[in-house]
Each structure stands twice: as C-alpha cells, then as structure tokens.
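Asker: Take this structure first; my questions come after.
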Amino acid sequence: MAIDAMNAGKDVWLEPPLALSIEESQQVQSAANSLKRVLQLGCHQIHEQRYRQAQELLNEGAIGQVLAVHLSAATNSIAGKWNEYVEEEASLHTVNWEKWQGPAVKRPFSAERLFRWRKYWDYSGGLATEAVLYKLAPMLNILKTPPPVRVSATGGIFVQKDREVPDMFSMAVEYTDFQLTVSASTASEGLQQFSGDAIYGNLGTITFTPNSVQVKAERIWEPKLPGSKRGVHVFETAEAETFNEHFTDFLDAVRARRQPAAGVDFGMQLMTRVLLAVDSYRESRMRLYDWHIRRTTDKPQPRVGYEGNGKNHPEGKKRRAQPVAPAGLEGATVSGSPRMIFSRREFTSLALAAGAFAATKPNSRWHGVQVGVITYSFRAMPSSSAEDTLRHILDCGLSGIELMSNVAESFAGASAGLRFGGPRGAMTPERQAAMNEAAEETRAWRLAVKMDRFKALRRMYEDAGVKIYAFKLPPAMAMSDAEYDYIWNVAETLGANHITMELPTDDALLQRVAEYAAKRKLWIAFHTHGQGGQSGFDKALAASTHTALNLDVGHYYGVNGESPVPVIEKYHARIASLHLKDRQGPGAATDKKGRGGPNMPWGQGETPLREILQTMKKHKYKFPASIEYEYDTPAGSDVLAEVKKCVAYCKDALG
C-alpha cells in the first residue's frame, strides 16, 4: 500500500513496521528515494523530552563510555490489542477477505485472524514489530549506533497458547563496543515494572521513567563526579505534545522535500535490527547482516578490538603500573589499566577485518592525480566508526583519505564524551564547566593512550588499499607540549605526511605550530576559508619551512570570486593537499555563514574544478585533492550517491 501510494505521487505517513521482511523494507526505501517521496514512520516517541535529555547527558560524558543498553516492553491483559473484539457479523459476505490478505499467504477465512492479526506471522512480527520497535526507535535516534555486528533472539509461547508469535521475547543486538538488549512480554507486566529502560556506562547509569531521567554514578566514581551529574532530572511531557511535534515534522518535511526525523532511511536501520531478531527467533540461529552489500549473510563481520587480551585485570601487588583514572577523578580506586595493547589474537582480528575490505582494492590516482576524500564528507552517515568510514571510502572507489580525529580516536578507544566535548547551546556557566571538564578528560585520555591502536588502524586501511595522507586534529594555544607530541605522534603513526588545521588568526599560535612542525619535520597544513588572500598565505608559509597550505579551492573562489589556478601554480611546492568543492562566487546569495557564494552540486557552481584538476595533471603535482562533500543532499538522494557523483566528476575531468 505504501509503494502504491508513492507511485500515485503521495507522501506517506506509515505506522510501523516499514514491512515484515528486510527485502520488502528495502523495496519501500528504494521506492521512496527513487520517487522522491517523503515517508515517515509513526515513531513519535523519538521526540520525548526524556530522550533528548539523555542525549545531552551522553554528549556531556555523564556516564562515560556506553557499555550496554537494556529496554523492556510488557503488558498482561485479557483484552487489549492482542485480543481485539471479534465482530460476530464478520464473514465472507461482509469482508473482502481476498483483498484484506494482500500479499500474505492465502488462508481460509478466519474472523480470529481478521481482528486479532497481531498473533499471526502472516501479518505481524509479534512483539518485535508491535512493541520492541517503539522502544528501540528513540534509543537508535539518540545513540546514533553503527551497523550491528550480529543479532540474536530467544523466547517462546509459554502461557498464551492461542497464537503463533511468542508471548515472551528477548533480543540482543551486538556492536563492536557495546550491546543492546530488549525484553518483551504479553504474559507478564513485571518486565516493564521491575526491569526498566537503562543505559549503562563505565562511570554511571541513566535510567528512565515515563516522565524522568535519572543519572546514578558508579560507586567508585561518585565522590568525584560533579553534583550536576547525579540525581533525578524530571521533565513533564504530554503524549499529545510529542505526537504533534512528530506530525509537524512530517508536514515540514513534505513542504521542504526532505527526510523527516523518522524518515525511510532511519526506518530501514530500525527495521533491519528488529527483523533480524524475528528471523533469529523463527530460525533458531544468530543472524548477521552486511550493511555494505545490504543483505543478510552467514559470514561473520569483523569485530575489530572486540576481544580483550587479559592484561587489564588487576594483579594485586604484582601490578606493573598504577592505573590512571579519568581526568578529574584522581583519587578514586580503579581496577585495570587505562589502555590495552594488542595481543596476537587482536592482530588476527584486524587482519580478518582487512581481508574483508581487501577483495578489490581501489585506485583513485588518475593520470598521476591522487583524488581522495575527507571524512567530514560522511558526517551525515549513521556511523562514523573507522570500519564504516572505510566501507564508505571503498564504496566510493577512493584510495586516499584525510582522516579527522573523531574517526581515529574512536577506533583507539575514546568515548563519545571525550571525542565531542560538551553540549551545544548558549554559553551558560554550566555549559562552560562541562566543556572544560570534557577538555580535561580528553587531554588525560590522549596522554595515556598507546600508539598501538593507531598502528592497527593504519594497517587496516592500507591493507584495504587506502592511504591516510592527512590527519586533522587542530593544535591549540592552550595545549601543552605533550599534547602537541600526541598530535604529531598520531599523524606519523597513521602514515600521514601532514596535519591539517584552520589558518590561524593568532600570530602566537601560528608561530608555535610552525616551530613545532619544523622540530618534528612533519608539515602543518593550513585550511583556508575566507581569511584574506595571498598575503595571508605568504605570512603563513614564511613562519617555517614546514608550514604548508591545505587550500580549499571552493572557499577561495566563493569569497574572492577569482580562479584558484594561479594560486595553485604559485604555491604548488608548499601545498600539502587541496579541498575540492563547487561554489558560486561572492556576487551570489551568501552561504549559511555569510561567507561568499553558496555550495552547489558539482558542475552547477562557478568554481573552475575541471581546470584545477587539469592543472594538477598538466604539471604533475604530487599533492592529493580531497573531495569535501558540503552541499545539501538533493531530495531522493543520499550522501554516498552524491560523493560518488563527485568522484565521477573528478575522473571525467582528468580524462
């Protein structure tokens, strides 16, 4: 029905599930994207304030690294939606039974099936699609989880023998660094009363009630955690308000021709997890799904860093070194070491991961010009893990990358709180304090982490045919020399020949990073936005023999309205890499930040990208050119499709 409606030119509000199989869900997703229709799932729970507050707490690092999530959904009722009233007048004479069954298996007429359809596999996924789905949706929305490693489910018909679907059902979704479990029942309400929803971290736990969020610190950390991270946070919210917000989001999406919060791509992620669990229960086996090829598989996906090496267990007085507590928590008792090194078993896992990626190695060096991408281009993808980022790079046929710090540090074991700092919003004293604390925790983690993880990351990428030629982690004036050491150590370990940062406006910062780059003999390359013209470049390059340009040709043209080609030819010996994007010039309407013409789909702007690439080819310049996908995704398309268009543009331009 949803596909028929979209074929008729209609946008669709679809009550979950998206479909009853992964294949049918993909058909709905493909139809929505190809027909450029707006489709929203009716999961209005994602707008509840308690989940928004939980997301803010997670971003603050209030519970540290997320280790596990547990959810429950339960009822125990004689009536209710599982036992709807059966109309006595229902018969083949009053019901179009053939049409009602649709594509389901054809059965003899049954009023029981007609009114109590949730009990039967032909029309329902049971508890998974009628209860679990609604609990999973808001968690998936706030956690921004990567694709799962594997999904399994158990349960049975223990009490209510009048159905095909289970009355007790549990599912587990495993990721590379945490797990999610859901327990559901129609035979015992106690699951929901006494086993509520919770997110467990290594520093504390977030629990939920219908109108509150509670953060409870782990006992060993509680004395050191700020009071703002303990206690109960209560937010009153009405069901109608969340539904109205969800409905308004749908209408706004229809007007703007964009995907709503619970759009078809989000729905596909949700349904894949739920339907894998249904398959696991019905087939009595663990289910695996390869997001790269978009289908279920019997081949286990690599679980990089999943297993430990036994070296983080306490050894009493024989302990080799005193473990380090997170910054600000010194004095609390900690068991274990702050960072594991790689065992032979872990390196075997990494080798398997590389093998999974290495079936066909890409080569995006065309006519001597290396074309790559910056990980910022994939910022809207569901996961920014190193493994999924590598999949995206390979999917786009690229062999080079400017790697941003969040991807690398996540792989190395940094928690979300460490990587992303404090919450967004107005700079209140509380927010400033949270940001300061996050910065201190980040500093402590960086000074404790070993380089083994970054070595493994480099190996995984290079074994797959991808060269990390640049690393982006901007040095700041407030950083210590030890933190500068960390940045350059990571870059060297990853095999990058330059570090990128924004062109400093502070002369003291420029001089400091320039001197440090010369000391380490590894370029610091300055990314350019609208900061002046060639005079600014001359100043930056004169600061040291190891300063360079990370020249953004789109920004240069968008602000100055001049071709970057003469600039490239003049400074080619001091260009470490380019950023490619298409923009209109300053005479057009300005971009969202008021800095020159807006970003455009490639070929629709005014930046002379083709001439720039031909110049690199003609002069045999060795520096790479990174695709930076920054224009708005057109309706009906997605990030990977647009990046692939940019790749095709480069290949065509180079002939």
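Labeling convention for the structure tokens: chains A, B, ... as they appear, residues from 1 per chain, ligands from 1 in order of appearance.
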Can you list, as a list in words, every protein, DNA or RNA residue that comes within 8 Å of A:Ser399 when you count only C-alpha atoms, leaving out same-chain residues fewer than 3 positions away?
Answerer: Lys361, Pro362, Asn363, Ser364, Arg365, Val371, Gly372, Ile393, Leu394, Gly465, Val466 and Lys467 of chain A
Asker: Check the smallest atom-to-atom distance from each of A:Val28, A:Val513, A:Val559, A:Val647 to A:Leu541 using only C-alpha atoms, then report the winner.
Answerer: A:Val513
Asker: Might you pull out every residue within 12 Å of A:Ala253, with only C-alpha atoms counted and same-chain residues fewer than 4 positions away left off, and present them as JSON, numbers by chain?
Answerer: {"A": [11, 12, 13, 36, 37, 38, 39, 40, 246, 247, 248, 249, 257, 258, 259, 260, 261, 262, 263, 635]}
Asker: Using only C-alpha atoms, determine which residues lie at most 10 Å from A:His555, disregarding the query and same-chain residues fewer than 6 positions distant; provide the list as an MDAnalysis selection string.
Answerer: chainID A and resid 527:531 561 564 579:585 595:599 607
Asker: Have a look at atom CA of A:Met168 and atom CA of A:Leu143 and let me know their distance in Å, one decimal.
Answerer: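 Atom-to-atom, atom CA of A:Met168 and atom CA of A:Leu143 are spaced 26.1 Å apart.
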Asker: If you measure from atom CA of A:Met271 to atom CA of A:Phe250, what distance in Å do you get, rounded to one decimal?
Answerer: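 Between atom CA of A:Met271 and atom CA of A:Phe250 the gap is 19.3 Å.
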Asker: What does the distance between atom CA of A:Glu569 and atom CA of A:Leu549 come to in Å, to one decimal place?
Answerer: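 Distance reported for this atom pair: 12.7 Å.
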